[in-house]
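Chemist: Input structure: model_7.cif, which contains mmCIF, C-alpha atoms and all ligand atoms; chains and numbers go by the auth columns.
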```
data_protein
#
loop_
_atom_site.group_PDB
_atom_site.id
_atom_site.type_symbol
_atom_site.label_atom_id
_atom_site.label_comp_id
_atom_site.label_asym_id
_atom_site.label_seq_id
_atom_site.Cartn_x
_atom_site.Cartn_y
_atom_site.Cartn_z
_atom_site.B_iso_or_equiv
_atom_site.auth_seq_id
_atom_site.auth_asym_id
ATOM 1 C CA MET A 1 -5.737 -1.959 18.771 0.00 1 N
ATOM 2 C CA ALA A 2 -2.641 0.013 19.736 0.00 2 N
ATOM 3 C CA ARG A 3 -2.003 3.735 19.709 0.00 3 N
ATOM 4 C CA GLY A 4 0.885 6.189 19.556 0.00 4 N
ATOM 5 C CA ASN A 5 4.173 4.695 20.711 0.00 5 N
ATOM 6 C CA ASP A 6 2.251 1.596 21.776 0.00 6 N
ATOM 7 C CA GLY A 7 1.418 1.080 18.077 0.00 7 N
ATOM 8 C CA ASN A 8 5.064 1.663 17.216 0.00 8 N
ATOM 9 C CA LEU A 9 6.047 -0.966 19.781 0.00 9 N
ATOM 10 C CA MET A 10 3.618 -3.462 18.249 0.00 10 N
ATOM 11 C CA GLN A 11 5.081 -2.863 14.782 0.00 11 N
ATOM 12 C CA HIS A 12 8.673 -3.163 15.972 0.00 12 N
ATOM 13 C CA ALA A 13 7.884 -6.249 18.074 0.00 13 N
ATOM 14 C CA ILE A 14 6.466 -8.020 14.998 0.00 14 N
ATOM 15 C CA GLU A 15 9.337 -6.893 12.769 0.00 15 N
ATOM 16 C CA ALA A 16 11.995 -7.824 15.345 0.00 16 N
ATOM 17 C CA LYS A 17 10.564 -11.327 15.665 0.00 17 N
ATOM 18 C CA LEU A 18 10.392 -11.747 11.885 0.00 18 N
ATOM 19 C CA ILE A 19 13.950 -10.460 11.400 0.00 19 N
ATOM 20 C CA SER A 20 15.286 -12.825 14.081 0.00 20 N
ATOM 21 C CA GLN A 21 13.513 -15.793 12.545 0.00 21 N
ATOM 22 C CA LEU A 22 14.280 -14.997 8.904 0.00 22 N
ATOM 23 C CA VAL A 23 17.943 -13.963 9.012 0.00 23 N
ATOM 24 C CA THR A 24 20.444 -16.616 7.957 0.00 24 N
ATOM 25 C CA ASP A 25 24.245 -16.645 7.728 0.00 25 N
ATOM 26 C CA ARG A 26 23.785 -14.996 4.328 0.00 26 N
ATOM 27 C CA GLY A 27 21.902 -12.120 5.973 0.00 27 N
ATOM 28 C CA LEU A 28 18.574 -10.533 5.082 0.00 28 N
ATOM 29 C CA HIS A 29 17.187 -8.449 2.223 0.00 29 N
ATOM 30 C CA LEU A 30 15.240 -5.558 3.775 0.00 30 N
ATOM 31 C CA ILE A 31 12.890 -3.177 2.001 0.00 31 N
ATOM 32 C CA THR A 32 11.125 -0.435 3.937 0.00 32 N
ATOM 33 C CA THR A 33 8.774 1.831 2.020 0.00 33 N
ATOM 34 C CA HIS A 34 8.244 4.552 4.664 0.00 34 N
ATOM 35 C CA SER A 35 11.684 4.461 6.224 0.00 35 N
ATOM 36 C CA MET A 36 11.799 7.528 8.502 0.00 36 N
ATOM 37 C CA ALA A 37 15.170 8.903 9.682 0.00 37 N
ATOM 38 C CA PRO A 38 17.359 6.389 11.532 0.00 38 N
ATOM 39 C CA PHE A 39 16.268 7.986 14.803 0.00 39 N
ATOM 40 C CA GLU A 40 13.441 10.421 15.542 0.00 40 N
ATOM 41 C CA PRO A 41 12.085 11.977 18.774 0.00 41 N
ATOM 42 C CA LEU A 42 9.645 9.881 20.769 0.00 42 N
ATOM 43 C CA ASP A 43 5.996 10.881 20.825 0.00 43 N
ATOM 44 C CA PRO A 44 5.735 13.178 23.912 0.00 44 N
ATOM 45 C CA ARG A 45 2.275 11.748 24.752 0.00 45 N
ATOM 46 C CA LYS A 46 3.953 8.571 25.934 0.00 46 N
ATOM 47 C CA LYS A 47 4.636 9.919 29.412 0.00 47 N
ATOM 48 C CA THR A 48 1.011 10.654 30.277 0.00 48 N
ATOM 49 C CA ALA A 49 -1.385 8.440 28.349 0.00 49 N
ATOM 50 C CA GLN A 50 -2.333 5.175 30.001 0.00 50 N
ATOM 51 C CA HIS A 51 -2.490 3.273 26.713 0.00 51 N
ATOM 52 C CA GLN A 52 1.244 3.936 26.310 0.00 52 N
ATOM 53 C CA ALA A 53 2.113 1.944 29.447 0.00 53 N
ATOM 54 C CA ARG A 54 3.306 -1.120 27.538 0.00 54 N
ATOM 55 C CA SER A 55 5.657 0.830 25.297 0.00 55 N
ATOM 56 C CA VAL A 56 7.109 2.680 28.307 0.00 56 N
ATOM 57 C CA HIS A 57 7.575 -0.654 30.116 0.00 57 N
ATOM 58 C CA TRP A 58 9.518 -2.317 27.283 0.00 58 N
ATOM 59 C CA TRP A 59 11.360 0.873 26.334 0.00 59 N
ATOM 60 C CA GLU A 60 12.668 1.182 29.909 0.00 60 N
ATOM 61 C CA ARG A 61 13.389 -2.536 30.229 0.00 61 N
ATOM 62 C CA ALA A 62 15.819 -2.079 27.357 0.00 62 N
ATOM 63 C CA GLN A 63 18.004 -0.072 29.711 0.00 63 N
ATOM 64 C CA ALA A 64 18.021 -2.748 32.412 0.00 64 N
ATOM 65 C CA GLU A 65 20.189 -5.851 32.443 0.00 65 N
ATOM 66 C CA GLU A 66 19.327 -8.487 29.844 0.00 66 N
ATOM 67 C CA GLN A 67 16.898 -11.166 31.077 0.00 67 N
ATOM 68 C CA ALA A 68 16.130 -14.646 29.730 0.00 68 N
ATOM 69 C CA ASP A 69 13.239 -14.968 27.255 0.00 69 N
ATOM 70 C CA GLU A 70 12.922 -11.281 26.490 0.00 70 N
ATOM 71 C CA PRO A 71 11.070 -10.334 23.299 0.00 71 N
ATOM 72 C CA CYS A 72 13.493 -9.717 20.400 0.00 72 N
ATOM 73 C CA VAL A 73 12.413 -6.088 20.252 0.00 73 N
ATOM 74 C CA VAL A 74 13.838 -5.431 23.725 0.00 74 N
ATOM 75 C CA ASN A 75 17.218 -6.739 22.608 0.00 75 N
ATOM 76 C CA ALA A 76 17.055 -4.454 19.603 0.00 76 N
ATOM 77 C CA TYR A 77 16.050 -1.419 21.692 0.00 77 N
ATOM 78 C CA ARG A 78 18.859 -2.248 24.152 0.00 78 N
ATOM 79 C CA GLY A 79 21.329 -1.878 21.291 0.00 79 N
ATOM 80 C CA THR A 80 19.793 1.253 19.786 0.00 80 N
ATOM 81 C CA ARG A 81 19.487 2.926 23.216 0.00 81 N
ATOM 82 C CA GLN A 82 23.183 2.307 23.834 0.00 82 N
ATOM 83 C CA ARG A 83 23.887 4.337 20.708 0.00 83 N
ATOM 84 C CA VAL A 84 21.082 6.928 20.887 0.00 84 N
ATOM 85 C CA PRO A 85 19.440 6.728 24.343 0.00 85 N
ATOM 86 C CA ASP A 86 16.287 8.803 23.984 0.00 86 N
ATOM 87 C CA MET A 87 15.234 8.627 20.366 0.00 87 N
ATOM 88 C CA TYR A 88 12.982 6.191 18.585 0.00 88 N
ATOM 89 C CA PRO A 89 14.798 3.942 16.032 0.00 89 N
ATOM 90 C CA ASN A 90 13.412 3.066 12.632 0.00 90 N
ATOM 91 C CA THR A 91 12.913 -0.496 11.403 0.00 91 N
ATOM 92 C CA ALA A 92 16.285 -0.550 9.653 0.00 92 N
ATOM 93 C CA GLU A 93 18.095 0.243 12.920 0.00 93 N
ATOM 94 C CA ILE A 94 16.148 -2.590 14.588 0.00 94 N
ATOM 95 C CA ALA A 95 17.347 -4.884 11.781 0.00 95 N
ATOM 96 C CA ALA A 96 20.917 -3.593 12.135 0.00 96 N
ATOM 97 C CA GLU A 97 20.884 -4.568 15.814 0.00 97 N
ATOM 98 C CA LEU A 98 19.425 -8.038 15.270 0.00 98 N
ATOM 99 C CA ALA A 99 21.036 -9.088 11.983 0.00 99 N
ATOM 100 C CA GLY A 100 24.181 -6.914 11.895 0.00 100 N
ATOM 101 C CA ARG A 101 24.418 -3.864 9.610 0.00 101 N
ATOM 102 C CA GLY A 102 26.924 -5.623 7.362 0.00 102 N
ATOM 103 C CA ASN A 103 24.594 -8.611 6.885 0.00 103 N
ATOM 104 C CA LEU A 104 21.822 -6.509 5.404 0.00 104 N
ATOM 105 C CA GLN A 105 21.146 -5.585 1.816 0.00 105 N
ATOM 106 C CA GLY A 106 18.111 -3.886 0.297 0.00 106 N
ATOM 107 C CA GLN A 107 16.396 -0.585 -0.106 0.00 107 N
ATOM 108 C CA LEU A 108 15.171 2.110 2.284 0.00 108 N
ATOM 109 C CA ILE A 109 12.607 4.327 0.563 0.00 109 N
ATOM 110 C CA GLU A 110 11.783 7.725 2.053 0.00 110 N
ATOM 111 C CA ILE A 111 10.168 10.821 0.569 0.00 111 N
ATOM 112 C CA CYS A 112 11.694 13.489 2.827 0.00 112 N
ATOM 113 C CA PRO A 113 15.131 14.702 1.560 0.00 113 N
ATOM 114 C CA GLU A 114 16.404 15.613 5.045 0.00 114 N
ATOM 115 C CA LYS A 115 15.553 12.124 6.368 0.00 115 N
ATOM 116 C CA CYS A 116 17.244 10.586 3.296 0.00 116 N
ATOM 117 C CA LYS A 117 20.401 12.520 4.105 0.00 117 N
ATOM 118 C CA ARG A 118 20.497 10.963 7.562 0.00 118 N
ATOM 119 C CA LEU A 119 19.672 7.517 6.166 0.00 119 N
ATOM 120 C CA ASN A 120 22.537 7.854 3.680 0.00 120 N
ATOM 121 C CA GLU A 121 24.931 8.680 6.511 0.00 121 N
ATOM 122 C CA ALA A 122 23.762 5.670 8.552 0.00 122 N
ATOM 123 C CA TRP A 123 24.004 3.239 5.613 0.00 123 N
ATOM 124 C CA ALA A 124 27.137 4.522 3.855 0.00 124 N
ATOM 125 C CA ASN A 125 29.452 1.695 2.732 0.00 125 N
ATOM 126 C CA THR A 126 26.786 -0.993 3.143 0.00 126 N
ATOM 127 C CA GLU A 127 24.690 -2.990 0.682 0.00 127 N
ATOM 128 C CA VAL A 128 21.577 -1.096 1.743 0.00 128 N
ATOM 129 C CA GLY A 129 20.621 1.707 -0.622 0.00 129 N
ATOM 130 C CA VAL A 130 18.544 4.770 0.177 0.00 130 N
ATOM 131 C CA VAL A 131 15.949 5.787 -2.396 0.00 131 N
ATOM 132 C CA GLU A 132 14.568 9.320 -2.197 0.00 132 N
ATOM 133 C CA GLY A 133 10.997 9.604 -3.420 0.00 133 N
ATOM 134 C CA SER A 134 7.611 7.997 -3.089 0.00 134 N
ATOM 135 C CA TRP A 135 7.526 4.242 -2.653 0.00 135 N
ATOM 136 C CA ARG A 136 4.893 4.207 -5.411 0.00 136 N
ATOM 137 C CA ASP A 137 7.570 5.259 -7.946 0.00 137 N
ATOM 138 C CA ASN A 138 10.179 2.782 -6.748 0.00 138 N
ATOM 139 C CA PRO A 139 8.831 -0.738 -6.898 0.00 139 N
ATOM 140 C CA LEU A 140 11.652 -2.949 -5.603 0.00 140 N
ATOM 141 C CA ASP A 141 14.364 -1.431 -7.799 0.00 141 N
ATOM 142 C CA SER A 142 17.137 -3.087 -5.840 0.00 142 N
ATOM 143 C CA LEU A 143 15.889 -6.672 -5.891 0.00 143 N
ATOM 144 C CA PRO A 144 18.811 -8.754 -7.256 0.00 144 N
ATOM 145 C CA GLU A 145 18.167 -11.280 -10.045 0.00 145 N
ATOM 146 C CA GLY A 146 19.268 -14.237 -7.973 0.00 146 N
ATOM 147 C CA LEU A 147 18.319 -13.263 -4.445 0.00 147 N
ATOM 148 C CA ASP A 148 20.466 -15.385 -2.129 0.00 148 N
ATOM 149 C CA ARG A 149 18.788 -14.691 1.206 0.00 149 N
ATOM 150 C CA PRO A 150 15.422 -14.262 2.952 0.00 150 N
ATOM 151 C CA TRP A 151 13.564 -10.982 2.635 0.00 151 N
ATOM 152 C CA LEU A 152 11.381 -8.670 4.658 0.00 152 N
ATOM 153 C CA LEU A 153 9.149 -6.021 3.095 0.00 153 N
ATOM 154 C CA SER A 154 7.751 -3.471 5.535 0.00 154 N
ATOM 155 C CA LEU A 155 5.193 -0.793 4.680 0.00 155 N
ATOM 156 C CA ASP A 156 4.210 1.818 7.223 0.00 156 N
ATOM 157 C CA PRO A 157 1.581 4.190 5.830 0.00 157 N
ATOM 158 C CA MET A 158 -0.183 6.501 8.267 0.00 158 N
ATOM 159 C CA SER A 159 -3.667 5.044 7.735 0.00 159 N
ATOM 160 C CA TYR A 160 -5.979 3.486 5.153 0.00 160 N
ATOM 161 C CA VAL A 161 -8.076 5.920 3.079 0.00 161 N
ATOM 162 C CA PRO A 162 -10.439 4.209 0.614 0.00 162 N
ATOM 163 C CA GLU A 163 -11.883 7.417 -0.883 0.00 163 N
ATOM 164 C CA HIS A 164 -9.089 8.301 -3.325 0.00 164 N
ATOM 165 C CA ASN A 165 -5.699 7.195 -4.698 0.00 165 N
ATOM 166 C CA LYS A 166 -3.462 10.203 -4.069 0.00 166 N
ATOM 167 C CA ASP A 167 0.291 9.691 -3.804 0.00 167 N
ATOM 168 C CA ASP A 168 0.549 10.663 -0.137 0.00 168 N
ATOM 169 C CA ASP A 169 1.525 9.065 3.188 0.00 169 N
ATOM 170 C CA ARG A 170 -1.676 6.946 3.430 0.00 170 N
ATOM 171 C CA PHE A 171 -2.565 3.592 1.850 0.00 171 N
ATOM 172 C CA HIS A 172 -5.251 3.568 -0.878 0.00 172 N
ATOM 173 C CA PRO A 173 -7.160 0.943 -2.903 0.00 173 N
ATOM 174 C CA ASP A 174 -4.808 1.167 -5.926 0.00 174 N
ATOM 175 C CA ASP A 175 -1.846 0.472 -3.630 0.00 175 N
ATOM 176 C CA PHE A 176 -2.982 -3.136 -3.276 0.00 176 N
ATOM 177 C CA ASN A 177 -1.997 -3.624 -6.944 0.00 177 N
ATOM 178 C CA LEU A 178 1.486 -2.220 -6.343 0.00 178 N
ATOM 179 C CA LEU A 179 1.839 -4.430 -3.310 0.00 179 N
ATOM 180 C CA ALA A 180 0.625 -7.491 -5.217 0.00 180 N
ATOM 181 C CA THR A 181 3.223 -6.867 -7.961 0.00 181 N
ATOM 182 C CA ALA A 182 5.982 -6.504 -5.358 0.00 182 N
ATOM 183 C CA MET A 183 4.858 -9.690 -3.615 0.00 183 N
ATOM 184 C CA GLU A 184 4.817 -11.611 -6.896 0.00 184 N
ATOM 185 C CA ARG A 185 8.444 -10.593 -7.547 0.00 185 N
ATOM 186 C CA LEU A 186 9.540 -11.420 -4.027 0.00 186 N
ATOM 187 C CA CYS A 187 7.725 -14.770 -3.931 0.00 187 N
ATOM 188 C CA ALA A 188 9.192 -15.659 -7.353 0.00 188 N
ATOM 189 C CA THR A 189 12.653 -15.616 -5.728 0.00 189 N
ATOM 190 C CA GLN A 190 11.554 -18.728 -3.818 0.00 190 N
ATOM 191 C CA ARG A 191 13.358 -17.445 -0.740 0.00 191 N
ATOM 192 C CA PRO A 192 11.586 -17.361 2.616 0.00 192 N
ATOM 193 C CA GLY A 193 10.219 -13.946 3.473 0.00 193 N
ATOM 194 C CA ALA A 194 7.520 -11.871 5.077 0.00 194 N
ATOM 195 C CA MET A 195 5.593 -8.698 4.363 0.00 195 N
ATOM 196 C CA GLY A 196 4.163 -6.385 7.011 0.00 196 N
ATOM 197 C CA LEU A 197 1.714 -3.595 6.263 0.00 197 N
ATOM 198 C CA PHE A 198 1.382 -1.482 9.402 0.00 198 N
ATOM 199 C CA CYS A 199 -1.562 0.852 9.133 0.00 199 N
ATOM 200 C CA TYR A 200 -2.672 3.111 11.948 0.00 200 N
ATOM 201 C CA SER A 201 -6.103 4.495 12.799 0.00 201 N
ATOM 202 C CA MET A 202 -7.891 1.287 11.798 0.00 202 N
ATOM 203 C CA ARG A 203 -11.304 2.041 13.258 0.00 203 N
ATOM 204 C CA PRO A 204 -13.966 -0.649 12.586 0.00 204 N
ATOM 205 C CA ALA A 205 -15.403 1.041 9.456 0.00 205 N
ATOM 206 C CA VAL A 206 -11.891 1.544 8.060 0.00 206 N
ATOM 207 C CA GLN A 207 -10.983 -2.067 8.874 0.00 207 N
ATOM 208 C CA GLU A 208 -14.031 -3.249 6.979 0.00 208 N
ATOM 209 C CA ALA A 209 -13.186 -1.126 3.908 0.00 209 N
ATOM 210 C CA PHE A 210 -9.586 -2.366 4.062 0.00 210 N
ATOM 211 C CA ARG A 211 -10.665 -6.026 4.167 0.00 211 N
ATOM 212 C CA ARG A 212 -13.046 -5.537 1.243 0.00 212 N
ATOM 213 C CA ALA A 213 -10.343 -3.882 -0.881 0.00 213 N
ATOM 214 C CA ALA A 214 -7.780 -6.566 0.073 0.00 214 N
ATOM 215 C CA ASP A 215 -10.246 -9.301 -0.974 0.00 215 N
ATOM 216 C CA ASP A 216 -10.810 -7.580 -4.358 0.00 216 N
HETATM 217 C C1 LIG B . 5.230 6.593 10.292 0.00 301 N
HETATM 218 S S1 LIG B . 6.761 7.132 9.624 0.00 301 N
HETATM 219 C C2 LIG B . 7.567 5.635 9.383 0.00 301 N
HETATM 220 C C3 LIG B . 8.094 4.982 10.621 0.00 301 N
HETATM 221 C C4 LIG B . 9.096 3.896 10.359 0.00 301 N
HETATM 222 N N1 LIG B . 8.681 3.005 9.279 0.00 301 N
HETATM 223 C C5 LIG B . 9.436 3.064 11.567 0.00 301 N
HETATM 224 O O1 LIG B . 10.446 2.384 11.465 0.00 301 N
HETATM 225 O O2 LIG B . 8.754 3.060 12.591 0.00 301 N
HETATM 226 C C6 LIG B . 6.296 7.565 7.989 0.00 301 N
HETATM 227 C C7 LIG B . 7.472 8.003 7.089 0.00 301 N
HETATM 228 O O3 LIG B . 7.045 7.815 5.731 0.00 301 N
HETATM 229 C C8 LIG B . 7.513 8.892 4.946 0.00 301 N
HETATM 230 N N2 LIG B . 6.616 8.963 3.755 0.00 301 N
HETATM 231 C C9 LIG B . 5.396 9.527 3.683 0.00 301 N
HETATM 232 N N3 LIG B . 4.850 9.312 2.468 0.00 301 N
HETATM 233 C C10 LIG B . 5.741 8.575 1.761 0.00 301 N
HETATM 234 C C11 LIG B . 5.745 8.021 0.444 0.00 301 N
HETATM 235 N N4 LIG B . 4.709 8.174 -0.390 0.00 301 N
HETATM 236 N N5 LIG B . 6.825 7.292 0.052 0.00 301 N
HETATM 237 C C12 LIG B . 7.872 7.117 0.875 0.00 301 N
HETATM 238 N N6 LIG B . 7.938 7.639 2.136 0.00 301 N
HETATM 239 C C13 LIG B . 6.871 8.345 2.585 0.00 301 N
HETATM 240 C C14 LIG B . 7.472 10.091 5.878 0.00 301 N
HETATM 241 O O4 LIG B . 8.342 11.130 5.444 0.00 301 N
HETATM 242 C C15 LIG B . 7.866 9.467 7.208 0.00 301 N
HETATM 243 O O5 LIG B . 9.256 9.563 7.423 0.00 301 N
#
```
Would you give me this structure, written as C-alpha cells?
Modeler:
Amino acid sequence: MARGNDGNLMQHAIEAKLISQLVTDRGLHLITTHSMAPFEPLDPRKKTAQHQARSVHWWERAQAEEQADEPCVVNAYRGTRQRVPDMYPNTAEIAAELAGRGNLQGQLIEICPEKCKRLNEAWANTEVGVVEGSWRDNPLDSLPEGLDRPWLLSLDPMSYVPEHNKDDDRFHPDDFNLLATAMERLCATQRPGAMGLFCYSMRPAVQEAFRRAADD
C-alpha cells in the first residue's frame, strides 16, 4: 500500500521498468488514458508525512551523481529534473527520458483542455498524438494496423468505485469491458506489451470488490 507521492513513485517505478524492458530499436507504442500535464506541482504533503520518505529519497537521489544498479525510475527522474527541477513528470515524460521522445508513438488521452494544450506543446512534431476527452470515448484510436513495436497501456484512475458507472476520473465495473476490448486489440498485434492499471485508495473492501469485478 502506498500513498500520495509514494504511490506516484510506485507507479512510475513499475512503468519505468516496463518501458526499459519493452523498448526496442523500433521504439515503443505508448497509450496513457489519464495523461496529466507533462509536469505538475508535487504534492506538498511529501515534506512532512513519514509514508512519503521513500519518494523523497528517490526524488532527491535523482539530483545526485548516477550510481550503479539504480532503479530505472531514478534515471528517468534525473533527466526530467534536469529540465524541470521541482515538478512531478507524467508517465509520457518518463518514457521520453528512457526511450527517447523521437522513438515513441501513440496516444495521450486527457480530459482537461488546459493540460491538453501543454501536452500538445510537449509532443509537437512527434508521432505521439494528444486526444482531448474522456478515455472512455477514445478506445485506442491511434493503434496502427500493423503495429511494428512493443506497447504499453497505462491507466491511472483516482480510485475504484463499484457503485455506479459514471464517466468520471474513477474506475467502474463497466470499465473492465472497455479495458478488455483494448487488450484484445493490443494482444492481437502479437507484439510484446504490458498494461498497468494504477488505482489509488484500494482499501481492503475496495480491493475485494475490484477483484470480484475483474473475475467477472
Ligand atoms: C492522477 S492524474 C494522472 C497522473 C499521470 N497518469 C501520471 O503520469 O502520474 C489524473 C488525470 O486524469 C485526468 N482525467 C480525469 N478523468 C479523465 C477521463 N475520464 N479521461 C481522461 N482523462 C481524465 C485528469 O484531468 C488528470 O489530469
Chemist: Please identify all polymer residues within 10 Å of region 168-182 of chain N, counting all atoms listed in the file, omitting same-chain residues fewer than 3 positions from it, and present them as a VMD selection string.
Modeler: chain N and resid 34 111 134 to 137 139 to 140 143 153 155 to 165 185 to 188 195 197 to 200 209 to 210 212 to 216
Chemist: Quick check, in Å to one decimal: how far apart do CA of Leu42 (chain N) and CA of Trp151 (chain N) lie?
Modeler: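 Atom-to-atom, CA of Leu42 (chain N) and CA of Trp151 (chain N) are spaced 27.9 Å apart.
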Chemist: Kindly indicate which residue among N:Ala37, N:Arg211, N:Glu184, N:Met87 lies nearest to Ala122 (chain N), using all atoms listed in the file for the distances.
Modeler: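 The closest residue to Ala122 (chain N) is N:Ala37.
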Chemist: If the box runs along x, y and z of the file and leaves 8 Å on each side of ligand LIG 301 (chain N), what are its centre and edge lengths in Å, one decimal, as AutoDock Vina command-line options?
Modeler:
```
--center_x 7.6 --center_y 6.8 --center_z 6.1 --size_x 21.7 --size_y 24.7 --size_z 29.0
```
Chemist: Any chance you could work out the residue set of the PyMOL selection byres (((chain N and resi 71-85) around 6) and not hetatm) here, as number ranges by chain?
Modeler: N: 13, 16-17, 62, 70, 86, 94, 97
Chemist: Once you have the residues from the selection above, write them out as a CSV table (one decimal), keeping the file's coordinate frame, restricted to C-alpha atoms.
Modeler:
```
chain,number,residue,atom,x,y,z
N,13,ALA,CA,7.9,-6.2,18.1
N,16,ALA,CA,12.0,-7.8,15.3
N,17,LYS,CA,10.6,-11.3,15.7
N,62,ALA,CA,15.8,-2.1,27.4
N,70,GLU,CA,12.9,-11.3,26.5
N,86,ASP,CA,16.3,8.8,24.0
N,94,ILE,CA,16.1,-2.6,14.6
N,97,GLU,CA,20.9,-4.6,15.8
```
Chemist: Measuring between only C-alpha atoms, which one of N:Ala205, N:Leu104, N:Val131, N:Ile109 shows the shortest distance to Thr32 (chain N)?
Modeler: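 Looking only at the distances to Thr32 (chain N), the closest residue turns out to be N:Ile109.
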